[in-house]
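Trainee: The structure's right below; bear with me while I get my questions together.
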Amino acid sequence: MRYYLYLFFLLMSVTGFGQSASVTGQVTTEDGQALPGAAVGVAGVSTGTFTDANGTYALSLDPGTYQLRATFVGYALLERELTLSAGQTVTLDFELAEGLELDQVVVSGSARPERITESPATIETIFSREILEYAGNPAELIARQKGVDYFRAGLAAPAFNIRGFNSNFNAKNLQVTDGRFSTLVATGLPFGPLNTTIKEDIEQVEIILGPNSTLYGPNAHNGLLNTITKDPRRYPGTMVTLNPGITGDGDAYFSARVRHAQALNDRWAFKVTGEYTKGTEFDYVDSVYIDRRGGEDEEGNAMPDGIKEGYEELELDRDVEFLRGEFALHYDPSDQVGFQLKGGLSNSTYLSATNVGRNQIKDWRIGYLQLRASGEHWFAQVYYTASRTDSTYSIDDRTKQYYRLLDAGQSEAVARGPLSYATGALFQDASERWNAEAQYYNSFGELQLVGGVQYQLDRANSRGTYLLDENDDDYISVNQIGAYAHLTYDFGGGWRALAAARADNHEIYDFNLVPKLGLLRIGERGTWRLTYGQGIAAPTILNMFGNLFGGLILGNAEGFTLADGSMVNPQQVEKISTFELGYRGQLEKDKLFLDANAYYSISKDFLSPVTVVGVTTHRGDTPTEEVQDAFAIYQGLVATYINFGQVNTYGFDVGLNYYFTPQLNGFLNYSYFDYGVDEDDPGNDFNKDGTVNFLDVLVNAPTHKVGAGLSYSGDQWFGSLFGRWVQAYDYFSSFQIASRSHPGISYRGTPIVENARSTDSFNYGPLGGFVTFDANVGYRFSERVSLSVAANNLFNTELREFTASAPTRGLYTLELRFNLPPRRTAK
């Protein structure tokens, strides 16, 4: 196989060695200042180069007519048309003006560079300058984007959701970094705090609202977050950042980061990054409800049988610690062929919210290795991702087992020892994933083509702790292959059409076809777009092969036979179809910008939360007693995951951005979201109580959200002020509940009453219902030294933004950054 790969790359590479033409020139500002690290290339493809320390560039191209494009962060994109003959040498200079968001380039919408106004998707962007000028966690900048539900789920675990149906275990928003999936193998959850990338190495973050499965496959369902890191040739030098701070509880926080990038010569470049962060989670102890069955409460008083009482989480550790780093090696044998080798590692310890209380994440390690090759019209990559943890555990389940052991007469030492993990509290992971992709893109007159194939092999191993594997060598392997094609045709007069499709074949849930259609009207000041797209959310390996708490929760890859002979079907994909109308452009030239969209989605066959299906006799063809570890206790009673129902969701997002000057701008965002469900359709009655209501379809999203802010970025001073209001809303996620009182309605057997115990957790009332402010200010002493401070939750208000997590308070950080010039190298 490897010899075919060598031959493939050789054949693709020779396109760069024919008789070509040369283009040279300089990229400067309007006042003549050179822009080192500016990108110069051909519009719509990856062919290009970067300017050197003097802002000069050289590019070899085949004969033909091209739209050459020059870009640099903070400056407007500039395109120039050029016709080249064989052997010709042409000089072409670019003078870039200070840029506004209308001219920014994105890649997530069509998997190729395009102006953000011409993308067939609603895309929110966060750029390198914003990230570096914000002294806090860059994830906080996601809160400033319209259409996004953002949560501070504690100090170390920011989270987001798009267009409803959130949960404490949400795998419906895909996370991608430099073209690779940044998700856990077994659960499908995004890496989030487990990621390996530091903020100083982020060039751009793109957030797609709505489905984009045709390009990115299953789980680009509600949305996508795509992080693009910096090229070492465009961003050379050494950056050192010291980031101390303090929480609203008075606990210390500290982060130190370093990035070094260097071009060794015209062909070779590299970068290395590293980070160490340490802090203390916000002060909060969750309640674990336990039926002591005649035992004693915490004051030593006897308790009657069958009464659940709340106890504090056992041995809660609020320490937060992250160690992460990456490397990249770039080699370009010609101007049209390039190779990249990248790798990264992280080690993380923190508290994580789940559907059944908090998990104590202990030394969870993520590693990856990625090899990528690219040419004028193609790229190919293969990458490996590994996940390891030995001592992560469920605090809720361990606490319950501790008291069971005490009531059984065990000593304190024994109750806190290894036996406290015996009922399935311990989560170990030794999973890995292999991915491969090849893509071809080209233009044929007015037709642009992007096509590719992707392969993925998941090998999940829980060492027998939470999956239906048994030991270190017993992997649950699942493979899938997909192919996609995007066709864009320019009719002229500003009209452009898109037709795309993706076909996936999965080892467990078989074949799926996902189409997308779009029509764009591109004007001088903006673009209208009308799109129709489908997406799918795939069951995770945990959904299919889970084995939790002695087999009470089992995965549903094969279906179940119930004691009465009826069947529970295997879980399949969830499907969504979305119609969207949007506009992005200028209302007042170079001053007022509008970005708005309205959408209507039809969702079918929901992936349910875990639910009790009844007493079973078989899982697939295997008797339940051979699968369920604690069969003697449960006697075949199983909780699992199923598909159900249909819900229609709809809403709109509006963003206004006004530039008072190129340095000072203000923005205002508003988002509306709602849903409808057929209450007469029994297929929507998920909990089988005879009534279809909000407890069957857990939307878990606010109807209204508003965000507003000011941002300034001058030669020396920079800063921002941001505020957001989130309407109060009810939230249900398995054990977790955050709801106003609903007289006469019960959830999991307990009346829904605000500020009272629910069945297994405490209901503090709805999430949201708050106004919060963030602020940031900084000063550049020179090009090499800057100092800034940031305040998240400026007034230190106690905000309950997520269940099974601490109410968030303020976080105040100082950031001192040294930006050392690149080391000169011989050419």
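Residues in the structure tokens are numbered from 1 in each chain, the chains being A, B, ... in the order shown, and ligands are numbered from 1 in the order shown.
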Pick out the residues sitting within 9 Å of segment 371-388 of chain A, and hand them over as a PyMOL selection string; count only C-alpha atoms, and ignore anything fewer than 3 positions along from it in its own chain.

Mentor: chain A and resi 9+12-13+15-16+45-48+179-182+184-185+335-343+363-368+428-442

Trainee: For the residues selected in the previous step, produce a file with N, CA and C atoms as a short mmCIF file (atom, residue, chain, number, x, y, z; two decimals), in the first residue's frame.

Mentor:
```cif
data_model
loop_
_atom_site.label_atom_id
_atom_site.label_comp_id
_atom_site.auth_asym_id
_atom_site.auth_seq_id
_atom_site.Cartn_x
_atom_site.Cartn_y
_atom_site.Cartn_z
N PHE A 9 1.81 10.40 -4.78
CA PHE A 9 2.37 11.70 -4.49
C PHE A 9 3.36 12.14 -5.58
N MET A 12 1.33 13.37 -8.59
CA MET A 12 0.71 14.65 -8.31
C MET A 12 1.75 15.76 -8.27
N SER A 13 2.97 15.43 -7.85
CA SER A 13 3.99 16.46 -7.66
C SER A 13 4.58 16.96 -8.97
N THR A 15 3.33 18.00 -11.48
CA THR A 15 2.64 19.14 -12.07
C THR A 15 3.36 20.44 -11.79
N GLY A 16 4.20 20.46 -10.77
CA GLY A 16 4.90 21.68 -10.42
C GLY A 16 6.23 21.85 -11.12
N VAL A 45 -7.88 28.10 -4.64
CA VAL A 45 -7.06 26.90 -4.49
C VAL A 45 -5.99 27.17 -3.46
N SER A 46 -5.19 26.14 -3.15
CA SER A 46 -4.20 26.28 -2.09
C SER A 46 -2.83 26.72 -2.59
N THR A 47 -2.66 26.89 -3.90
CA THR A 47 -1.37 27.32 -4.45
C THR A 47 -1.02 28.69 -3.89
N GLY A 48 0.16 28.84 -3.32
CA GLY A 48 0.54 30.13 -2.79
C GLY A 48 1.84 30.10 -2.03
N GLY A 179 -7.99 20.48 9.93
CA GLY A 179 -8.49 19.42 9.07
C GLY A 179 -8.63 18.06 9.72
N ARG A 180 -8.39 17.94 11.02
CA ARG A 180 -8.55 16.64 11.69
C ARG A 180 -9.63 16.75 12.77
N PHE A 181 -10.36 15.66 12.97
CA PHE A 181 -11.42 15.63 13.97
C PHE A 181 -10.80 15.67 15.36
N SER A 182 -11.23 16.64 16.17
CA SER A 182 -10.74 16.76 17.55
C SER A 182 -11.85 16.32 18.49
N LEU A 184 -13.29 12.81 21.03
CA LEU A 184 -12.95 11.56 21.71
C LEU A 184 -13.50 10.38 20.94
N VAL A 185 -12.77 9.29 20.95
CA VAL A 185 -13.12 8.13 20.13
C VAL A 185 -14.41 7.47 20.61
N ASP A 335 6.97 25.36 -5.29
CA ASP A 335 5.94 26.33 -4.93
C ASP A 335 4.55 25.73 -4.94
N GLN A 336 4.40 24.55 -5.55
CA GLN A 336 3.08 23.97 -5.70
C GLN A 336 2.89 22.68 -4.92
N VAL A 337 3.91 22.20 -4.29
CA VAL A 337 3.82 20.95 -3.53
C VAL A 337 4.37 21.19 -2.12
N GLY A 338 3.64 20.74 -1.11
CA GLY A 338 4.09 20.91 0.26
C GLY A 338 3.74 19.72 1.12
N PHE A 339 4.56 19.51 2.16
CA PHE A 339 4.33 18.43 3.12
C PHE A 339 4.36 19.03 4.53
N GLN A 340 3.51 18.51 5.38
CA GLN A 340 3.46 18.94 6.77
C GLN A 340 3.39 17.71 7.67
N LEU A 341 4.22 17.73 8.71
CA LEU A 341 4.16 16.71 9.74
C LEU A 341 3.87 17.42 11.06
N LYS A 342 2.77 17.05 11.73
CA LYS A 342 2.35 17.71 12.95
C LYS A 342 2.09 16.68 14.03
N GLY A 343 2.26 17.12 15.27
CA GLY A 343 1.94 16.25 16.40
C GLY A 343 1.65 17.08 17.63
N ASP A 363 -5.55 13.19 34.88
CA ASP A 363 -4.45 12.88 33.95
C ASP A 363 -4.96 12.23 32.67
N TRP A 364 -5.94 12.90 32.05
CA TRP A 364 -6.44 12.41 30.75
C TRP A 364 -5.49 12.91 29.67
N ARG A 365 -4.92 12.00 28.90
CA ARG A 365 -3.90 12.33 27.91
C ARG A 365 -4.44 12.16 26.49
N ILE A 366 -4.20 13.16 25.67
CA ILE A 366 -4.56 13.13 24.25
C ILE A 366 -3.29 13.31 23.43
N GLY A 367 -3.15 12.53 22.38
CA GLY A 367 -2.01 12.67 21.47
C GLY A 367 -2.44 12.48 20.03
N TYR A 368 -1.75 13.15 19.12
CA TYR A 368 -2.05 12.95 17.70
C TYR A 368 -0.77 13.10 16.89
N GLN A 428 -11.64 4.16 32.52
CA GLN A 428 -10.32 4.09 31.90
C GLN A 428 -10.49 4.13 30.39
N ASP A 429 -9.46 4.60 29.71
CA ASP A 429 -9.57 4.73 28.27
C ASP A 429 -8.20 4.48 27.64
N ALA A 430 -8.18 3.62 26.62
CA ALA A 430 -6.98 3.37 25.84
C ALA A 430 -7.39 3.26 24.37
N SER A 431 -8.14 4.28 23.91
CA SER A 431 -8.73 4.25 22.57
C SER A 431 -7.83 4.94 21.56
N GLU A 432 -8.07 4.63 20.29
CA GLU A 432 -7.31 5.24 19.21
C GLU A 432 -8.15 5.33 17.96
N ARG A 433 -7.75 6.24 17.09
CA ARG A 433 -8.49 6.45 15.83
C ARG A 433 -7.50 6.69 14.70
N TRP A 434 -7.79 6.11 13.53
CA TRP A 434 -7.03 6.36 12.31
C TRP A 434 -7.96 7.04 11.30
N ASN A 435 -7.48 8.12 10.70
CA ASN A 435 -8.24 8.81 9.65
C ASN A 435 -7.36 9.01 8.43
N ALA A 436 -7.99 8.95 7.27
CA ALA A 436 -7.29 9.25 6.01
C ALA A 436 -8.26 10.02 5.12
N GLU A 437 -7.72 10.94 4.33
CA GLU A 437 -8.55 11.74 3.44
C GLU A 437 -7.74 12.15 2.22
N ALA A 438 -8.40 12.18 1.08
CA ALA A 438 -7.81 12.72 -0.15
C ALA A 438 -8.86 13.61 -0.81
N GLN A 439 -8.42 14.77 -1.28
CA GLN A 439 -9.36 15.73 -1.88
C GLN A 439 -8.77 16.31 -3.15
N TYR A 440 -9.64 16.53 -4.14
CA TYR A 440 -9.25 17.18 -5.38
C TYR A 440 -10.16 18.38 -5.60
N TYR A 441 -9.59 19.50 -6.03
CA TYR A 441 -10.40 20.69 -6.32
C TYR A 441 -9.80 21.38 -7.53
N ASN A 442 -10.70 21.92 -8.37
CA ASN A 442 -10.25 22.58 -9.59
C ASN A 442 -11.40 23.39 -10.16
#
```

Trainee: What gap, in Å, lies between atom CA of Val677 of chain A and atom CA of Thr640 of chain A?

Mentor: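 Pair atom CA of Val677 of chain A / atom CA of Thr640 of chain A returns 23.7 Å.
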
Trainee: Measure the distance from atom CA of Ile202 of chain A to atom CA of Asn173 of chain A in Å and round it to one decimal.

Mentor: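 Computed distance, atom CA of Ile202 of chain A to atom CA of Asn173 of chain A, equals 19.7 Å.
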
Trainee: Just the residues within 10 Å of Glu783 of chain A, please, counting only C-alpha atoms, with nothing from its chain fewer than 5 positions along; format it as an MDAnalysis selection string.

Mentor: chainID A and resid 715:716 818:821

Trainee: For the selection just defined, write its residues with N, CA, C and O atoms to a file, as a PDB file, in the first residue's frame.

Mentor:
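Ended up saving to again-v2.pdb:
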```pdb
ATOM      1  N   ASP A 715      -2.616  51.414  17.558  1.00  0.00           N
ATOM      2  CA  ASP A 715      -1.200  51.081  17.481  1.00  0.00           C
ATOM      3  C   ASP A 715      -0.643  50.666  18.836  1.00  0.00           C
ATOM      4  O   ASP A 715       0.235  49.799  18.922  1.00  0.00           O
ATOM      5  N   GLN A 716      -1.155  51.298  19.922  1.00  0.00           N
ATOM      6  CA  GLN A 716      -0.651  50.975  21.249  1.00  0.00           C
ATOM      7  C   GLN A 716      -1.755  50.469  22.178  1.00  0.00           C
ATOM      8  O   GLN A 716      -1.642  49.409  22.767  1.00  0.00           O
ATOM      9  N   PHE A 818       5.795  38.676  25.514  1.00  0.00           N
ATOM     10  CA  PHE A 818       7.036  39.084  24.857  1.00  0.00           C
ATOM     11  C   PHE A 818       7.044  38.453  23.469  1.00  0.00           C
ATOM     12  O   PHE A 818       6.923  37.233  23.332  1.00  0.00           O
ATOM     13  N   ASN A 819       7.196  39.285  22.449  1.00  0.00           N
ATOM     14  CA  ASN A 819       7.185  38.826  21.067  1.00  0.00           C
ATOM     15  C   ASN A 819       8.555  39.090  20.460  1.00  0.00           C
ATOM     16  O   ASN A 819       8.865  40.201  20.025  1.00  0.00           O
ATOM     17  N   LEU A 820       9.394  38.062  20.456  1.00  0.00           N
ATOM     18  CA  LEU A 820      10.769  38.207  20.013  1.00  0.00           C
ATOM     19  C   LEU A 820      10.863  38.031  18.505  1.00  0.00           C
ATOM     20  O   LEU A 820      10.159  37.218  17.914  1.00  0.00           O
ATOM     21  N   PRO A 821      11.757  38.793  17.846  1.00  0.00           N
ATOM     22  CA  PRO A 821      11.835  38.733  16.377  1.00  0.00           C
ATOM     23  C   PRO A 821      12.337  37.370  15.919  1.00  0.00           C
ATOM     24  O   PRO A 821      13.030  36.659  16.656  1.00  0.00           O
TER      25      PRO A 821
END
```

Trainee: Compile the contact shell of segment 27-41 of chain A as a list in words: residues with an atom at most 7 Å away, counting only C-alpha atoms, same-chain residues fewer than 2 positions apart removed.

Mentor: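 In the requested form, the answer reads Gly25, Ala43, Thr47, Gly48, Thr49, Phe50, Thr51, Asp52, Ala53, Asn54, Gly55, Thr56, Leu68, Arg69, Ala70, Thr71, Phe72, Asp93, Phe94, Glu95, Leu96, Ala97, Arg233, Arg234 and Tyr235 of chain A.
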
Trainee: Using only C-alpha atoms, determine which residues lie at most 9 Å from segment 458-473 of chain A, disregarding the query and same-chain residues fewer than 2 positions distant; provide the list as a ChimeraX atom specification.

Mentor: /A:185-186,424-435,456,475-480,541-542,545-551,554-555,627

Trainee: Next, dump the selected residues to file, keeping only N, CA and C atoms, as an mmCIF file, in the first residue's frame.

Mentor:
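Writing done, so here's selection.cif:
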```cif
data_model
loop_
_atom_site.group_PDB
_atom_site.id
_atom_site.type_symbol
_atom_site.label_atom_id
_atom_site.label_comp_id
_atom_site.auth_asym_id
_atom_site.auth_seq_id
_atom_site.Cartn_x
_atom_site.Cartn_y
_atom_site.Cartn_z
ATOM 1 N N VAL A 185 -12.772 9.285 20.947
ATOM 2 C CA VAL A 185 -13.115 8.127 20.132
ATOM 3 C C VAL A 185 -14.406 7.472 20.614
ATOM 4 N N ALA A 186 -14.506 7.172 21.893
ATOM 5 C CA ALA A 186 -15.620 6.378 22.404
ATOM 6 C C ALA A 186 -16.895 7.180 22.586
ATOM 7 N N GLY A 424 -18.575 0.524 38.905
ATOM 8 C CA GLY A 424 -18.469 1.153 37.593
ATOM 9 C C GLY A 424 -18.126 2.620 37.643
ATOM 10 N N ALA A 425 -17.681 3.105 38.795
ATOM 11 C CA ALA A 425 -17.324 4.519 38.911
ATOM 12 C C ALA A 425 -16.061 4.848 38.127
ATOM 13 N N LEU A 426 -15.152 3.886 38.001
ATOM 14 C CA LEU A 426 -13.871 4.144 37.352
ATOM 15 C C LEU A 426 -14.015 4.113 35.837
ATOM 16 N N PHE A 427 -13.461 5.139 35.176
ATOM 17 C CA PHE A 427 -13.436 5.201 33.723
ATOM 18 C C PHE A 427 -11.984 5.189 33.264
ATOM 19 N N GLN A 428 -11.638 4.161 32.516
ATOM 20 C CA GLN A 428 -10.321 4.091 31.901
ATOM 21 C C GLN A 428 -10.489 4.131 30.387
ATOM 22 N N ASP A 429 -9.462 4.597 29.710
ATOM 23 C CA ASP A 429 -9.568 4.729 28.265
ATOM 24 C C ASP A 429 -8.203 4.476 27.636
ATOM 25 N N ALA A 430 -8.180 3.624 26.624
ATOM 26 C CA ALA A 430 -6.975 3.370 25.837
ATOM 27 C C ALA A 430 -7.389 3.256 24.371
ATOM 28 N N SER A 431 -8.137 4.277 23.912
ATOM 29 C CA SER A 431 -8.728 4.251 22.573
ATOM 30 C C SER A 431 -7.831 4.942 21.555
ATOM 31 N N GLU A 432 -8.072 4.633 20.291
ATOM 32 C CA GLU A 432 -7.306 5.241 19.214
ATOM 33 C C GLU A 432 -8.153 5.330 17.956
ATOM 34 N N ARG A 433 -7.754 6.244 17.087
ATOM 35 C CA ARG A 433 -8.494 6.448 15.835
ATOM 36 C C ARG A 433 -7.498 6.694 14.704
ATOM 37 N N TRP A 434 -7.792 6.106 13.531
ATOM 38 C CA TRP A 434 -7.035 6.361 12.306
ATOM 39 C C TRP A 434 -7.964 7.041 11.305
ATOM 40 N N ASN A 435 -7.478 8.116 10.697
ATOM 41 C CA ASN A 435 -8.236 8.815 9.655
ATOM 42 C C ASN A 435 -7.359 9.010 8.431
ATOM 43 N N GLN A 456 -12.297 6.323 8.185
ATOM 44 C CA GLN A 456 -12.084 6.413 9.634
ATOM 45 C C GLN A 456 -12.208 5.035 10.268
ATOM 46 N N TYR A 475 -10.336 -4.547 21.706
ATOM 47 C CA TYR A 475 -10.781 -3.291 21.117
ATOM 48 C C TYR A 475 -12.151 -3.471 20.459
ATOM 49 N N ILE A 476 -12.999 -2.466 20.600
ATOM 50 C CA ILE A 476 -14.227 -2.394 19.823
ATOM 51 C C ILE A 476 -13.906 -1.568 18.582
ATOM 52 N N SER A 477 -13.859 -2.216 17.435
ATOM 53 C CA SER A 477 -13.443 -1.560 16.192
ATOM 54 C C SER A 477 -14.654 -1.266 15.315
ATOM 55 N N VAL A 478 -14.725 -0.039 14.847
ATOM 56 C CA VAL A 478 -15.797 0.395 13.965
ATOM 57 C C VAL A 478 -15.182 1.219 12.842
ATOM 58 N N ASN A 479 -15.485 0.861 11.580
ATOM 59 C CA ASN A 479 -14.930 1.632 10.466
ATOM 60 C C ASN A 479 -16.039 2.255 9.635
ATOM 61 N N GLN A 480 -15.689 3.338 8.940
ATOM 62 C CA GLN A 480 -16.638 4.002 8.057
ATOM 63 C C GLN A 480 -15.858 4.662 6.925
ATOM 64 N N ILE A 541 -19.836 5.322 19.886
ATOM 65 C CA ILE A 541 -19.497 3.970 20.343
ATOM 66 C C ILE A 541 -20.100 3.715 21.724
ATOM 67 N N LEU A 542 -20.154 4.744 22.573
ATOM 68 C CA LEU A 542 -20.805 4.585 23.874
ATOM 69 C C LEU A 542 -22.276 4.266 23.707
ATOM 70 N N PHE A 545 -22.142 0.521 22.244
ATOM 71 C CA PHE A 545 -21.484 -0.573 22.965
ATOM 72 C C PHE A 545 -21.211 -0.218 24.430
ATOM 73 N N GLY A 546 -21.997 0.695 24.982
ATOM 74 C CA GLY A 546 -21.801 1.077 26.374
ATOM 75 C C GLY A 546 -22.122 -0.048 27.348
ATOM 76 N N ASN A 547 -21.454 -0.020 28.502
ATOM 77 C CA ASN A 547 -21.681 -1.006 29.564
ATOM 78 C C ASN A 547 -21.385 -0.311 30.895
ATOM 79 N N LEU A 548 -22.398 0.374 31.421
ATOM 80 C CA LEU A 548 -22.208 1.227 32.594
ATOM 81 C C LEU A 548 -22.951 0.665 33.803
ATOM 82 N N PHE A 549 -22.304 0.811 34.967
ATOM 83 C CA PHE A 549 -22.920 0.488 36.259
ATOM 84 C C PHE A 549 -23.444 -0.944 36.288
ATOM 85 N N GLY A 550 -22.531 -1.867 35.933
ATOM 86 C CA GLY A 550 -22.859 -3.286 36.011
ATOM 87 C C GLY A 550 -23.792 -3.772 34.940
ATOM 88 N N GLY A 551 -23.917 -3.003 33.841
ATOM 89 C CA GLY A 551 -24.792 -3.420 32.748
ATOM 90 C C GLY A 551 -26.202 -2.892 32.849
ATOM 91 N N LEU A 554 -26.785 -0.335 28.773
ATOM 92 C CA LEU A 554 -26.113 -1.089 27.719
ATOM 93 C C LEU A 554 -26.302 -0.377 26.378
ATOM 94 N N GLY A 555 -25.289 -0.451 25.519
ATOM 95 C CA GLY A 555 -25.378 0.145 24.202
ATOM 96 C C GLY A 555 -26.342 -0.602 23.309
ATOM 97 N N VAL A 627 -24.423 -10.753 29.036
ATOM 98 C CA VAL A 627 -23.928 -9.407 28.761
ATOM 99 C C VAL A 627 -23.930 -8.552 30.022
#
```

Trainee: Which residues, written as a PyMOL selection string, have at least one atom at most 8 Å from Ser761 of chain A, with only C-alpha atoms counted and residues fewer than 3 positions away on the same chain left out?

Mentor: chain A and resi 287-289+735-737+757-758

Trainee: Could you list, as a list of chain:residue names, every residue within 10 Å of Tyr66 of chain A, counting only C-alpha atoms and ignoring same-chain residues fewer than 6 positions away?

Mentor: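 Final neighbour list, sorted by chain and number: A:Gly41, A:Val42, A:Ala43, A:Glu79, A:Arg80, A:Glu81, A:Leu82, A:Thr83, A:Leu84.
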
Trainee: Nearest to Glu315 of chain A: which of A:Arg292, A:Arg416, A:Lys589, A:Lys362 is it, counting only C-alpha atoms?

Mentor: A:Arg416

Trainee: Nearest to Glu798 of chain A: which of A:Tyr284, A:Asn195, A:Ala728, A:Ser334 is it, counting only C-alpha atoms?

Mentor: A:Tyr284

Trainee: DSSP on the backbone: what in segment 537-749 of chain A comes out alpha helix (DSSP H), as JSON, numbers by chain?

Mentor: {"A": [541, 542, 543, 544, 545, 624, 625, 626, 627, 631, 632, 633, 634]}

Trainee: Would you write out those residues with C-alpha atoms, as a compact mmCIF listing (two decimals), in the first residue's frame?

Mentor:
```
# COMPACT_ATOMS: atom_id res chain seq x y z
CA ILE A 541 -19.50 3.97 20.34
CA LEU A 542 -20.80 4.58 23.87
CA ASN A 543 -24.38 4.64 22.50
CA MET A 544 -23.74 1.41 20.59
CA PHE A 545 -21.48 -0.57 22.96
CA THR A 624 -28.87 -10.65 28.55
CA GLU A 625 -27.46 -12.68 31.42
CA GLU A 626 -24.26 -13.15 29.35
CA VAL A 627 -23.93 -9.41 28.76
CA PHE A 631 -27.63 -9.71 36.16
CA ALA A 632 -28.20 -11.11 39.63
CA ILE A 633 -29.20 -7.61 40.77
CA TYR A 634 -30.99 -6.20 37.72
```

Trainee: Pick out each residue of segment 109-172 of chain A that DSSP on the backbone tags as strand (DSSP E or B); I need them as a PyMOL selection string.

Mentor: chain A and resi 114-115+122-127+148-152+158-162

Trainee: How many Å separate atom CA of Asp595 of chain A from atom CA of Thr578 of chain A?

Mentor: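 Here the two named atoms are 18.4 Å from each other.
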